[in-house]
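Shown below: data_1.txt, with compact mmCIF, C-alpha atoms.
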# COMPACT_ATOMS: atom_id res chain seq x y z
CA MET A 1 43.17 -5.36 17.17
CA THR A 2 39.67 -6.41 18.27
CA GLU A 3 37.34 -7.51 15.49
CA THR A 4 33.80 -6.15 15.72
CA ARG A 5 30.84 -7.99 14.27
CA LYS A 6 27.75 -6.18 13.09
CA LEU A 7 24.71 -7.65 14.80
CA PRO A 8 21.68 -8.53 12.62
CA GLU A 9 18.96 -5.89 12.40
CA HIS A 10 15.21 -6.09 12.10
CA THR A 11 13.92 -6.17 8.56
CA PRO A 12 12.59 -2.65 7.74
CA MET A 13 9.02 -2.06 8.84
CA THR A 14 7.74 -0.23 5.76
CA GLN A 15 4.04 -1.07 5.99
CA PHE A 16 3.31 2.03 8.10
CA PRO A 17 4.65 5.20 6.45
CA ALA A 18 5.46 8.38 8.37
CA ALA A 19 4.68 12.05 7.76
CA SER A 20 5.66 15.06 9.86
CA SER A 21 7.58 12.70 12.15
CA GLU A 22 4.51 10.58 12.92
CA LEU A 23 3.56 7.07 11.92
CA LEU A 24 0.41 6.89 9.80
CA ILE A 25 -2.16 4.15 10.24
CA ASN A 26 -4.32 3.97 7.14
CA GLY A 27 -3.32 7.57 6.43
CA GLN A 28 -4.09 8.94 9.90
CA PRO A 29 -1.39 10.32 12.24
CA LEU A 30 -0.69 8.26 15.34
CA SER A 31 -1.30 11.13 17.79
CA ARG A 32 -4.70 11.81 16.24
CA ILE A 33 -5.67 8.16 16.58
CA ALA A 34 -4.51 8.20 20.21
CA ALA A 35 -6.69 11.25 20.82
CA ARG A 36 -9.63 9.55 19.13
CA VAL A 37 -9.23 6.39 21.19
CA GLY A 38 -9.05 8.54 24.30
CA ARG A 39 -6.47 6.55 26.23
CA THR A 40 -3.43 4.38 25.92
CA PRO A 41 -2.43 1.60 25.59
CA PHE A 42 -4.27 0.36 22.51
CA TYR A 43 -3.96 -1.90 19.51
CA ALA A 44 -4.58 -0.37 16.09
CA TYR A 45 -5.19 -2.50 13.01
CA ASP A 46 -4.99 -1.07 9.49
CA ARG A 47 -7.86 -2.13 7.18
CA SER A 48 -5.93 -1.28 4.05
CA LEU A 49 -3.03 -3.51 5.08
CA LEU A 50 -5.39 -6.41 5.77
CA SER A 51 -6.93 -6.04 2.33
CA ALA A 52 -3.52 -5.69 0.68
CA ARG A 53 -2.19 -8.86 2.32
CA VAL A 54 -5.13 -10.92 1.06
CA ALA A 55 -4.69 -9.43 -2.43
CA GLN A 56 -0.98 -10.28 -2.32
CA LEU A 57 -1.81 -13.90 -1.48
CA ARG A 58 -4.47 -14.12 -4.16
CA ALA A 59 -1.91 -12.96 -6.72
CA ALA A 60 0.71 -15.48 -5.57
CA LEU A 61 -1.45 -18.58 -5.10
CA PRO A 62 -3.47 -20.53 -7.67
CA ALA A 63 -7.02 -19.25 -8.08
CA GLU A 64 -8.33 -22.74 -7.26
CA VAL A 65 -6.89 -22.63 -3.73
CA LYS A 66 -9.32 -21.37 -1.10
CA LEU A 67 -8.08 -19.04 1.61
CA HIS A 68 -9.36 -19.44 5.17
CA TYR A 69 -8.69 -17.10 8.09
CA ALA A 70 -7.77 -18.81 11.38
CA MET A 71 -9.42 -16.28 13.66
CA LYS A 72 -7.59 -17.41 16.80
CA ALA A 73 -4.80 -15.13 15.53
CA ASN A 74 -7.05 -12.12 16.11
CA PRO A 75 -10.75 -12.55 16.96
CA MET A 76 -11.57 -8.84 17.33
CA PRO A 77 -15.17 -8.74 15.99
CA ALA A 78 -14.72 -5.71 13.71
CA LEU A 79 -11.57 -7.24 12.23
CA VAL A 80 -13.29 -10.59 11.68
CA CYS A 81 -16.16 -8.78 9.93
CA HIS A 82 -13.64 -7.16 7.59
CA MET A 83 -11.76 -10.41 6.97
CA ALA A 84 -14.99 -12.28 6.25
CA THR A 85 -15.49 -10.06 3.19
CA LEU A 86 -11.99 -10.88 1.89
CA VAL A 87 -11.38 -14.59 2.49
CA ASP A 88 -13.26 -17.73 1.48
CA GLY A 89 -13.82 -19.13 4.95
CA ILE A 90 -13.15 -18.88 8.68
CA ASP A 91 -11.56 -21.43 10.99
CA VAL A 92 -12.68 -21.27 14.63
CA ALA A 93 -11.35 -22.93 17.78
CA SER A 94 -14.27 -22.55 20.20
CA ALA A 95 -18.00 -21.93 20.35
CA GLY A 96 -17.21 -18.34 21.30
CA GLU A 97 -15.23 -17.85 18.11
CA LEU A 98 -18.00 -19.58 16.17
CA MET A 99 -20.48 -16.98 17.40
CA VAL A 100 -18.19 -14.15 16.25
CA ALA A 101 -17.73 -15.77 12.83
CA LEU A 102 -21.47 -16.25 12.34
CA ASP A 103 -22.19 -12.69 13.51
CA ALA A 104 -19.58 -11.48 11.00
CA GLY A 105 -21.61 -13.00 8.20
CA ALA A 106 -19.31 -15.91 7.35
CA ASP A 107 -20.96 -18.67 5.33
CA PRO A 108 -21.49 -21.69 7.65
CA GLN A 109 -20.55 -23.96 4.77
CA GLU A 110 -17.10 -22.33 4.85
CA ILE A 111 -16.58 -22.36 8.64
CA SER A 112 -14.51 -25.15 10.18
CA PHE A 113 -13.97 -25.93 13.85
CA ALA A 114 -10.69 -27.33 15.19
CA GLY A 115 -9.55 -28.01 18.73
CA PRO A 116 -8.41 -30.99 20.78
CA GLY A 117 -10.91 -30.50 23.60
CA LYS A 118 -14.31 -29.66 22.15
CA THR A 119 -17.07 -30.02 24.72
CA ASP A 120 -20.26 -31.98 24.08
CA ALA A 121 -22.15 -28.67 23.98
CA GLU A 122 -19.74 -27.19 21.43
CA LEU A 123 -20.10 -30.21 19.16
CA HIS A 124 -23.88 -29.93 19.42
CA GLN A 125 -23.67 -26.21 18.55
CA ALA A 126 -21.46 -26.98 15.56
CA VAL A 127 -23.98 -29.43 14.11
CA ALA A 128 -26.81 -26.95 14.72
CA ALA A 129 -24.83 -24.25 12.90
CA ASP A 130 -24.14 -26.59 9.95
CA ILE A 131 -20.38 -26.00 10.07
CA LEU A 132 -17.57 -28.46 9.39
CA VAL A 133 -16.09 -30.13 12.48
CA ASN A 134 -12.47 -31.25 12.33
CA VAL A 135 -12.66 -34.49 14.32
CA GLU A 136 -9.64 -34.85 16.60
CA SER A 137 -10.63 -37.83 18.74
CA PHE A 138 -12.61 -41.06 18.60
CA ARG A 139 -14.62 -39.59 21.50
CA GLU A 140 -16.17 -36.96 19.21
CA VAL A 141 -17.80 -39.47 16.84
CA PRO A 142 -20.68 -40.73 19.04
CA ILE A 143 -21.32 -37.23 20.37
CA LEU A 144 -21.67 -35.89 16.83
CA ALA A 145 -23.86 -38.85 15.89
CA ALA A 146 -26.18 -38.11 18.83
CA ALA A 147 -26.35 -34.42 17.88
CA GLN A 148 -27.11 -35.38 14.29
CA GLN A 149 -29.99 -37.58 15.38
CA ALA A 150 -31.37 -35.07 17.90
CA LEU A 151 -31.28 -32.13 15.47
CA GLY A 152 -32.18 -33.95 12.29
CA LEU A 153 -29.19 -32.32 10.61
CA PRO A 154 -26.07 -33.86 9.06
CA ALA A 155 -22.93 -33.73 11.18
CA ARG A 156 -20.38 -32.44 8.66
CA VAL A 157 -16.91 -33.73 9.53
CA ALA A 158 -13.33 -33.77 8.37
CA VAL A 159 -10.55 -35.69 10.09
CA ARG A 160 -7.73 -33.67 11.55
CA VAL A 161 -4.65 -35.79 10.97
CA ASN A 162 -1.55 -35.75 13.14
CA PRO A 163 0.94 -36.53 10.37
CA ASP A 164 3.99 -38.72 10.74
CA PHE A 165 6.21 -35.73 9.89
CA GLU A 166 6.61 -32.16 11.13
CA LEU A 167 7.04 -28.76 9.51
CA LYS A 168 10.78 -28.23 9.64
CA SER A 169 12.05 -24.88 11.00
CA SER A 170 8.61 -23.92 12.31
CA GLY A 171 8.26 -21.70 15.36
CA MET A 172 5.58 -23.97 16.83
CA LYS A 173 5.35 -27.61 15.78
CA MET A 174 1.79 -28.96 15.67
CA GLY A 175 2.32 -32.28 13.92
CA GLY A 176 4.71 -35.24 13.93
CA GLY A 177 5.45 -37.37 16.98
CA PRO A 178 3.02 -37.50 19.91
CA LYS A 179 0.66 -34.49 19.83
CA GLN A 180 -2.61 -33.50 21.44
CA PHE A 181 -3.81 -32.26 18.05
CA GLY A 182 -5.65 -34.49 15.62
CA VAL A 183 -5.56 -38.26 15.25
CA ASP A 184 -2.32 -40.07 14.50
CA ALA A 185 -2.12 -40.89 10.80
CA GLU A 186 -1.84 -44.62 11.46
CA GLN A 187 -5.13 -44.54 13.43
CA VAL A 188 -7.08 -42.59 10.81
CA PRO A 189 -8.35 -45.63 8.82
CA GLU A 190 -9.96 -46.95 12.01
CA LEU A 191 -11.48 -43.52 12.70
CA LEU A 192 -12.84 -43.31 9.15
CA ALA A 193 -14.56 -46.67 9.66
CA ALA A 194 -16.13 -45.35 12.88
CA ILE A 195 -17.33 -42.22 11.07
CA ASP A 196 -18.88 -44.42 8.37
CA ARG A 197 -20.66 -46.65 10.92
CA ALA A 198 -22.01 -43.56 12.72
CA GLY A 199 -23.39 -42.17 9.49
CA LEU A 200 -21.60 -38.82 9.78
CA ALA A 201 -21.24 -36.65 6.70
CA PHE A 202 -17.56 -37.11 5.89
CA GLU A 203 -16.01 -34.36 3.76
CA GLY A 204 -12.22 -34.58 3.99
CA PHE A 205 -9.00 -34.00 5.89
CA HIS A 206 -7.24 -31.26 7.81
CA LEU A 207 -3.45 -31.39 8.17
CA PHE A 208 -1.55 -28.71 10.07
CA ALA A 209 2.12 -29.52 10.64
CA GLY A 210 3.33 -26.27 12.24
CA SER A 211 3.29 -22.49 12.27
CA GLN A 212 5.48 -19.36 11.98
CA ASN A 213 7.80 -20.65 9.26
CA LEU A 214 9.93 -18.33 7.13
CA LYS A 215 11.52 -21.04 4.96
CA PRO A 216 9.48 -21.63 1.78
CA GLU A 217 11.26 -24.91 1.09
CA ALA A 218 10.06 -26.28 4.44
CA ILE A 219 6.45 -25.21 3.74
CA VAL A 220 6.64 -26.73 0.24
CA GLU A 221 7.93 -30.03 1.63
CA ALA A 222 5.19 -30.15 4.29
CA GLN A 223 2.47 -29.41 1.72
CA GLN A 224 3.76 -32.13 -0.60
CA LYS A 225 3.89 -34.67 2.22
CA SER A 226 0.45 -33.61 3.47
CA PHE A 227 -1.08 -34.05 0.03
CA ALA A 228 0.52 -37.45 -0.43
CA LEU A 229 -0.71 -38.55 3.01
CA ALA A 230 -4.23 -37.32 2.24
CA CYS A 231 -4.24 -39.33 -1.00
CA ARG A 232 -3.25 -42.50 0.89
CA LEU A 233 -5.86 -41.94 3.59
CA ALA A 234 -8.54 -41.20 0.99
CA GLU A 235 -8.43 -44.89 0.04
CA HIS A 236 -10.06 -45.63 3.43
CA ALA A 237 -12.62 -42.77 3.31
CA PRO A 238 -16.34 -43.60 3.33
CA SER A 239 -16.98 -41.09 0.52
CA PRO A 240 -14.95 -38.96 -1.92
CA VAL A 241 -12.78 -36.25 -0.37
CA ARG A 242 -14.36 -32.84 -0.98
CA PHE A 243 -12.26 -30.76 1.44
CA LEU A 244 -8.51 -30.82 1.94
CA ASN A 245 -7.05 -28.28 4.36
CA LEU A 246 -3.26 -28.25 3.97
CA GLY A 247 -2.83 -25.88 6.91
CA GLY A 248 -0.64 -22.82 6.80
CA GLY A 249 2.58 -22.21 8.65
CA PHE A 250 3.40 -18.98 6.79
CA GLY A 251 5.53 -16.81 9.08
CA ILE A 252 6.25 -13.10 9.41
CA PRO A 253 9.61 -11.58 10.44
CA TYR A 254 9.65 -10.64 14.12
CA PHE A 255 13.28 -10.73 15.16
CA PRO A 256 16.67 -9.43 13.99
CA GLY A 257 17.99 -11.30 10.98
CA GLU A 258 14.60 -12.64 9.86
CA GLN A 259 13.41 -11.87 6.33
CA PRO A 260 9.91 -11.88 4.81
CA LEU A 261 8.61 -15.15 3.41
CA ASP A 262 9.03 -15.67 -0.34
CA LEU A 263 5.61 -16.74 -1.66
CA ALA A 264 6.70 -17.60 -5.22
CA PRO A 265 7.89 -21.19 -4.60
CA ILE A 266 4.88 -21.87 -2.38
CA GLY A 267 2.50 -20.69 -5.11
CA ALA A 268 4.27 -22.80 -7.72
CA ASN A 269 4.09 -25.87 -5.47
CA LEU A 270 0.39 -25.37 -4.80
CA ALA A 271 -0.22 -25.11 -8.54
CA ASP A 272 1.42 -28.55 -8.89
CA ILE A 273 -0.74 -29.93 -6.07
CA VAL A 274 -3.90 -28.52 -7.68
CA ALA A 275 -2.96 -30.23 -10.94
CA GLN A 276 -2.30 -33.55 -9.16
CA ALA A 277 -5.54 -33.29 -7.22
CA LYS A 278 -7.59 -33.14 -10.41
CA ALA A 279 -6.64 -36.76 -10.98
CA ALA A 280 -6.06 -38.08 -7.45
CA LEU A 281 -8.84 -36.23 -5.57
CA PRO A 282 -11.09 -34.87 -8.32
CA HIS A 283 -13.87 -33.69 -5.97
CA ALA A 284 -11.60 -31.95 -3.45
CA GLU A 285 -11.23 -28.24 -2.82
CA ILE A 286 -7.73 -27.32 -1.64
CA VAL A 287 -7.71 -24.95 1.35
CA ILE A 288 -4.90 -22.97 2.95
CA GLU A 289 -5.54 -21.85 6.54
CA LEU A 290 -3.65 -18.75 7.67
CA GLY A 291 -3.90 -16.53 10.73
CA ARG A 292 -0.74 -14.69 11.70
CA TYR A 293 0.32 -14.18 8.09
CA LEU A 294 -2.95 -12.44 7.23
CA VAL A 295 -3.15 -10.05 10.18
CA GLY A 296 0.16 -9.94 12.07
CA GLU A 297 1.87 -7.18 10.13
CA ALA A 298 -1.24 -4.97 10.00
CA GLY A 299 -1.26 -4.21 13.73
CA LEU A 300 0.58 -1.92 16.11
CA TYR A 301 0.58 -1.91 19.90
CA VAL A 302 0.79 1.66 21.21
CA ALA A 303 1.77 2.65 24.76
CA ARG A 304 2.58 6.04 26.27
CA VAL A 305 5.80 6.80 28.13
CA LEU A 306 4.99 7.61 31.75
CA ASP A 307 8.50 7.99 33.12
CA LYS A 308 12.13 8.06 32.06
CA LYS A 309 14.44 6.53 34.63
CA VAL A 310 18.20 6.05 34.70
CA SER A 311 19.49 3.18 36.82
CA ARG A 312 23.24 2.76 37.11
CA GLY A 313 23.80 4.25 33.70
CA HIS A 314 20.98 2.51 31.83
CA THR A 315 17.81 4.30 30.71
CA TYR A 316 14.35 2.83 31.13
CA LEU A 317 11.24 4.14 29.43
CA VAL A 318 8.37 3.18 31.71
CA THR A 319 5.09 2.93 29.77
CA ASP A 320 1.46 2.33 30.61
CA GLY A 321 1.48 -0.89 28.55
CA GLY A 322 3.21 -4.20 29.09
CA LEU A 323 3.09 -7.97 29.13
CA HIS A 324 -0.49 -7.99 30.47
CA HIS A 325 -1.56 -6.66 27.05
CA HIS A 326 1.19 -8.01 24.80
CA LEU A 327 2.57 -11.21 26.27
CA SER A 328 4.30 -12.27 23.05
CA ALA A 329 6.30 -9.04 22.71
CA SER A 330 7.52 -9.50 26.28
CA GLY A 331 9.06 -12.83 25.25
CA ASN A 332 6.81 -14.93 27.46
CA PHE A 333 4.68 -16.55 24.73
CA GLY A 334 6.87 -19.41 23.56
CA GLN A 335 10.27 -17.75 23.13
CA VAL A 336 13.16 -19.82 24.48
CA ILE A 337 15.64 -16.98 24.17
CA ARG A 338 14.01 -13.56 24.50
CA LYS A 339 14.33 -11.34 21.40
CA ASN A 340 12.96 -7.90 20.68
CA TYR A 341 10.02 -7.24 18.40
CA PRO A 342 10.65 -4.23 16.12
CA ALA A 343 9.73 -1.03 17.94
CA ALA A 344 9.86 2.74 17.47
CA ILE A 345 8.90 6.03 19.06
CA GLY A 346 5.87 6.57 16.88
CA ASN A 347 5.68 10.35 17.19
CA ARG A 348 9.43 10.90 16.66
CA MET A 349 10.03 9.03 13.42
CA ASP A 350 12.29 11.78 11.99
CA ALA A 351 14.38 12.21 15.12
CA THR A 352 18.15 12.12 14.65
CA MET A 353 18.99 11.76 18.34
CA GLN A 354 18.93 8.15 19.49
CA ALA A 355 19.53 6.37 22.76
CA THR A 356 19.92 2.78 23.90
CA VAL A 357 17.00 2.16 26.22
CA SER A 358 14.80 -0.56 27.61
CA VAL A 359 11.04 -0.18 27.36
CA VAL A 360 9.19 -1.61 30.35
CA GLY A 361 5.64 -1.63 31.60
CA PRO A 362 4.01 -0.69 34.91
CA LEU A 363 3.83 -4.20 36.37
CA CYS A 364 5.74 -5.34 39.45
CA THR A 365 7.71 -8.05 37.69
CA PRO A 366 11.01 -8.00 35.75
CA LEU A 367 9.23 -10.02 33.03
CA ASP A 368 7.38 -6.84 32.03
CA LEU A 369 9.83 -5.95 29.27
CA LEU A 370 8.72 -4.77 25.83
CA ALA A 371 12.13 -3.81 24.42
CA ASP A 372 15.51 -4.73 25.85
CA ARG A 373 18.41 -2.35 25.15
CA MET A 374 17.19 -1.11 21.79
CA ASN A 375 18.36 1.96 19.90
CA LEU A 376 15.29 4.19 19.70
CA ALA A 377 14.67 7.87 19.09
CA ALA A 378 15.33 9.92 22.21
CA ALA A 379 11.99 9.95 24.05
CA GLU A 380 10.37 11.74 26.96
CA PRO A 381 7.25 11.18 29.06
CA GLY A 382 4.19 11.64 26.86
CA ASP A 383 5.76 10.10 23.76
CA LEU A 384 4.22 7.05 22.11
CA VAL A 385 6.07 3.75 21.87
CA VAL A 386 4.87 1.44 19.10
CA ILE A 387 5.51 -2.30 18.81
CA TYR A 388 5.25 -3.55 15.23
CA GLN A 389 4.06 -6.99 14.07
CA SER A 390 1.30 -6.85 16.68
CA GLY A 391 -1.78 -7.80 14.69
CA ALA A 392 -1.74 -11.45 15.80
CA TYR A 393 -1.71 -13.13 19.22
CA GLY A 394 -1.89 -9.85 21.07
CA ALA A 395 -4.79 -8.82 23.29
CA THR A 396 -6.55 -12.18 23.57
CA ALA A 397 -3.30 -14.08 24.05
CA SER A 398 -2.30 -11.98 27.06
CA PRO A 399 -3.14 -12.07 30.80
CA GLN A 400 -5.13 -8.83 30.79
CA ARG A 401 -6.40 -9.21 34.37
CA PHE A 402 -2.90 -9.52 35.79
CA LEU A 403 -2.41 -7.04 38.67
CA GLY A 404 -5.77 -5.38 38.02
CA HIS A 405 -4.79 -2.97 35.25
CA PRO A 406 -7.46 -1.89 32.74
CA ALA A 407 -8.11 -3.99 29.64
CA VAL A 408 -6.50 -2.82 26.42
CA THR A 409 -8.53 -1.07 23.71
CA GLU A 410 -8.54 -2.33 20.12
CA VAL A 411 -9.44 -0.24 17.06
CA LEU A 412 -9.72 -0.99 13.36
CA ILE A 413 -8.60 2.04 11.33
Could you spell out this file's structure in structure tokens?
Amino acid sequence: MTETRKLPEHTPMTQFPAASSELLINGQPLSRIAARVGRTPFYAYDRSLLSARVAQLRAALPAEVKLHYAMKANPMPALVCHMATLVDGIDVASAGELMVALDAGADPQEISFAGPGKTDAELHQAVAADILVNVESFREVPILAAAQQALGLPARVAVRVNPDFELKSSGMKMGGGPKQFGVDAEQVPELLAAIDRAGLAFEGFHLFAGSQNLKPEAIVEAQQKSFALACRLAEHAPSPVRFLNLGGGFGIPYFPGEQPLDLAPIGANLADIVAQAKAALPHAEIVIELGRYLVGEAGLYVARVLDKKVSRGHTYLVTDGGLHHHLSASGNFGQVIRKNYPAAIGNRMDATMQATVSVVGPLCTPLDLLADRMNLAAAEPGDLVVIYQSGAYGATASPQRFLGHPAVTEVLI
């Protein structure tokens, strides 16, 4: 007798309810939103879900911890404007993002700028805007000093530290070992001395060990190690630490078998760190920097079925969307083994008939695959395929000019 094993399933996607067989985005039926947008494909982001996620974090984390939005996750201007009203600060990764953050009304005192390859012009712009620059190289110090002198403004800086540990079980490791990000922890005392000699306005440290982690114990360990490292490095600082960014790393469930992150142990650990900081770093504000966790689950990618093809017994739903708009869902944005994002036929949510199909796009490459052999509601041309967990690293992380197809539309509902 052959034993059968039940394969893991996606965690239920309950953030978008359904009514009359249609997904609702902030209470509005999917087909109505598609008609309002006027074309497919498009990304739709739900304002109410964005607000609810921030409220959930506020309830779970100590009130003393500041919450920053890493806008590289989703820099859509309307979304950034909304997030700027909810969070305490914005983290940018380019002068282009800085412009969006300033236009959104973010307080320059609460904007920080990270990136391993900041140009001279970007550093000059950062000083002019009076934002905090996370220094990631000895090269940046004299450039910032020159900008400070030319503008007659202080060059506000924090040191981005490449720690001597990594965030275990993270989807993307950004610390530990050789990295292009930040300055190796053992070199930081020398960098702090250079910052002091240059007369820059030192404010603190930024440590970011990794991202997309669903194990609270790993995040807790990284935060504890980051705080301890910051305390050691503070002994070499030219002035008291006022800013300590412990990074983020909070993940969301994308693939079968993954479960939502439990915030309770992370909140309890941060409460301990806040208590320790009152003695060890009494002037420091503790900051958590999150991108994907704030916006990822609030977005849907929506594409329309153009054709239904059967090839040697397997059914393909050919849509007008694909990897050129949603590279990460296609599996080509860091996945080693391709896995499906959760998906559905958004206008057939009550359907009882299902079929095993692959959802593909219109591009002339076999990489253009949005869903591989998934059980979905039986669909026909004209129906709307939705890809969940699409609020982060979607449109701007994709090769939209590939093969000359139109750019994707984004809407905030």
- Distance in Å - CA of Ala95 in chain A versus CA of Pro406 in chain A: 25.8 Å
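The closest residue to Pro265 in chain A, picked from A:Gln223, A:Thr40, A:Ser211, A:Ser390 and counting all atoms listed in the file, is A:Gln223.
When only C-alpha atoms are used to compute distances to Ala63 in chain A, the closest of the residues A:Leu153, A:Arg36, A:Ala185, A:Ala271 turns out to be A:Ala271.
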- Message: Distance cut-off 12 Å, centre (-0.5, -13.6, -2.0) in file coordinates, counting all atoms listed in the file: which residues qualify? Return them as a PyMOL selection string.
- Response: chain A and resi 50-63+65-67+87+250+261-268+288+290+293-294
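The residue that comes closest to Leu192 in chain A, out of A:Cys364, A:Val141, A:Leu23, A:Leu246 and on the basis of all atoms listed in the file, is A:Val141.
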- Query: Could you name the residues that touch Ala275 in chain A at 12 Å or less, counting only C-alpha atoms, but leaving out those on the same chain fewer than 6 positions away, as a PyMOL selection string?
  - Reply: chain A and resi 62+64-65+227+268-269+281-282+284-286
Might you pull out every residue within 8 Å of Ile25 in chain A, with only C-alpha atoms counted and same-chain residues fewer than 6 positions away left off, and present them as a PDB file with C-alpha atoms, in the coordinates of the input?
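The resulting selection-v2.pdb:
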ATOM      1  CA  PHE A  16       3.310   2.030   8.100  1.00  0.00           C
ATOM      2  CA  PRO A  17       4.650   5.200   6.450  1.00  0.00           C
ATOM      3  CA  ALA A  44      -4.580  -0.370  16.090  1.00  0.00           C
ATOM      4  CA  TYR A  45      -5.190  -2.500  13.010  1.00  0.00           C
ATOM      5  CA  ASP A  46      -4.990  -1.070   9.490  1.00  0.00           C
ATOM      6  CA  ILE A 413      -8.600   2.040  11.330  1.00  0.00           C
TER       7      ILE A 413
END
- What does the distance from CA of Leu79 in chain A to CA of Val100 in chain A come to in Å, to one decimal? 10.4 Å
List as a compact mmCIF listing (two decimals) with C-alpha atoms, in the frame of the given file: which residues have an atom within 12 Å of (11.9, -11.7, 13.3), counting all atoms listed in the file?
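The result, stored in point_5.txt:
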# COMPACT_ATOMS: atom_id res chain seq x y z
CA PRO A 8 21.68 -8.53 12.62
CA GLU A 9 18.96 -5.89 12.40
CA HIS A 10 15.21 -6.09 12.10
CA THR A 11 13.92 -6.17 8.56
CA PRO A 12 12.59 -2.65 7.74
CA MET A 13 9.02 -2.06 8.84
CA GLY A 171 8.26 -21.70 15.36
CA GLN A 212 5.48 -19.36 11.98
CA ASN A 213 7.80 -20.65 9.26
CA LEU A 214 9.93 -18.33 7.13
CA GLY A 251 5.53 -16.81 9.08
CA ILE A 252 6.25 -13.10 9.41
CA PRO A 253 9.61 -11.58 10.44
CA TYR A 254 9.65 -10.64 14.12
CA PHE A 255 13.28 -10.73 15.16
CA PRO A 256 16.67 -9.43 13.99
CA GLY A 257 17.99 -11.30 10.98
CA GLU A 258 14.60 -12.64 9.86
CA GLN A 259 13.41 -11.87 6.33
CA PRO A 260 9.91 -11.88 4.81
CA LEU A 261 8.61 -15.15 3.41
CA GLY A 296 0.16 -9.94 12.07
CA GLU A 297 1.87 -7.18 10.13
CA ALA A 329 6.30 -9.04 22.71
CA GLN A 335 10.27 -17.75 23.13
CA ARG A 338 14.01 -13.56 24.50
CA LYS A 339 14.33 -11.34 21.40
CA ASN A 340 12.96 -7.90 20.68
CA TYR A 341 10.02 -7.24 18.40
CA PRO A 342 10.65 -4.23 16.12
CA ALA A 343 9.73 -1.03 17.94
CA TYR A 388 5.25 -3.55 15.23
CA GLN A 389 4.06 -6.99 14.07
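Distance-wise, CA of Pro216 in chain A and CA of Asp272 in chain A end up 15.1 Å apart.
If you measure from each of A:Thr365, A:Asn245, A:Thr396, A:Gln109 to Ser330 in chain A using all atoms listed in the file, the closest one turns out to be A:Thr365.
If you count only C-alpha atoms and ignore residues fewer than 3 places along the chain from range 229-236 of chain A, what sits within 10 Å of it is Val161, Pro163, Asp164, Ala185, Glu186, Val188, Pro189, Glu190, Leu191, Leu192, Ala193, Gly204, Phe205, His206, Leu207, Gln223, Gln224, Lys225, Ser226, Ser239, Pro240, Val241, Leu244, Asn245, Leu246, Ala277, Ala280 and Leu281 of chain A.
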- Message: Measuring between only C-alpha atoms, which one of A:Leu367, A:Met349, A:Ala397, A:Val135 shows the shortest distance to Ala18 in chain A?
- Response: A:Met349
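Counting all atoms listed in the file, the residue from A:Val183, A:Val220, A:Ala279, A:Val411 that sits nearest to Asn26 in chain A is A:Val411.
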- Neighbours of Glu140 in chain A within 9 Å (only C-alpha atoms; same-chain residues fewer than 3 positions away dropped), as a list in words? Lys118, Thr119, Asp120, Leu123, Val135, Glu136, Ser137, Ile143, Leu144 and Ala145 of chain A
- Query: Can you tell me, as JSON, numbers by chain, what residues are no more than 10 Å from Asn375 in chain A when counting all atoms listed in the file, ignoring any on the same chain fewer than 3 positions away?
  - Reply: {"A": [343, 344, 353, 354, 355, 356, 357, 358, 371, 372, 378]}
File dump, residues just selected, C-alpha atoms, as a short mmCIF file (atom, residue, chain, number, x, y, z; two decimals), in the frame of the given file:
data_model
loop_
_atom_site.label_atom_id
_atom_site.label_comp_id
_atom_site.auth_asym_id
_atom_site.auth_seq_id
_atom_site.Cartn_x
_atom_site.Cartn_y
_atom_site.Cartn_z
CA ALA A 343 9.73 -1.03 17.94
CA ALA A 344 9.86 2.74 17.47
CA MET A 353 18.99 11.76 18.34
CA GLN A 354 18.93 8.15 19.49
CA ALA A 355 19.53 6.37 22.76
CA THR A 356 19.92 2.78 23.90
CA VAL A 357 17.00 2.16 26.22
CA SER A 358 14.80 -0.56 27.61
CA ALA A 371 12.13 -3.81 24.42
CA ASP A 372 15.51 -4.73 25.85
CA ALA A 378 15.33 9.92 22.21
#
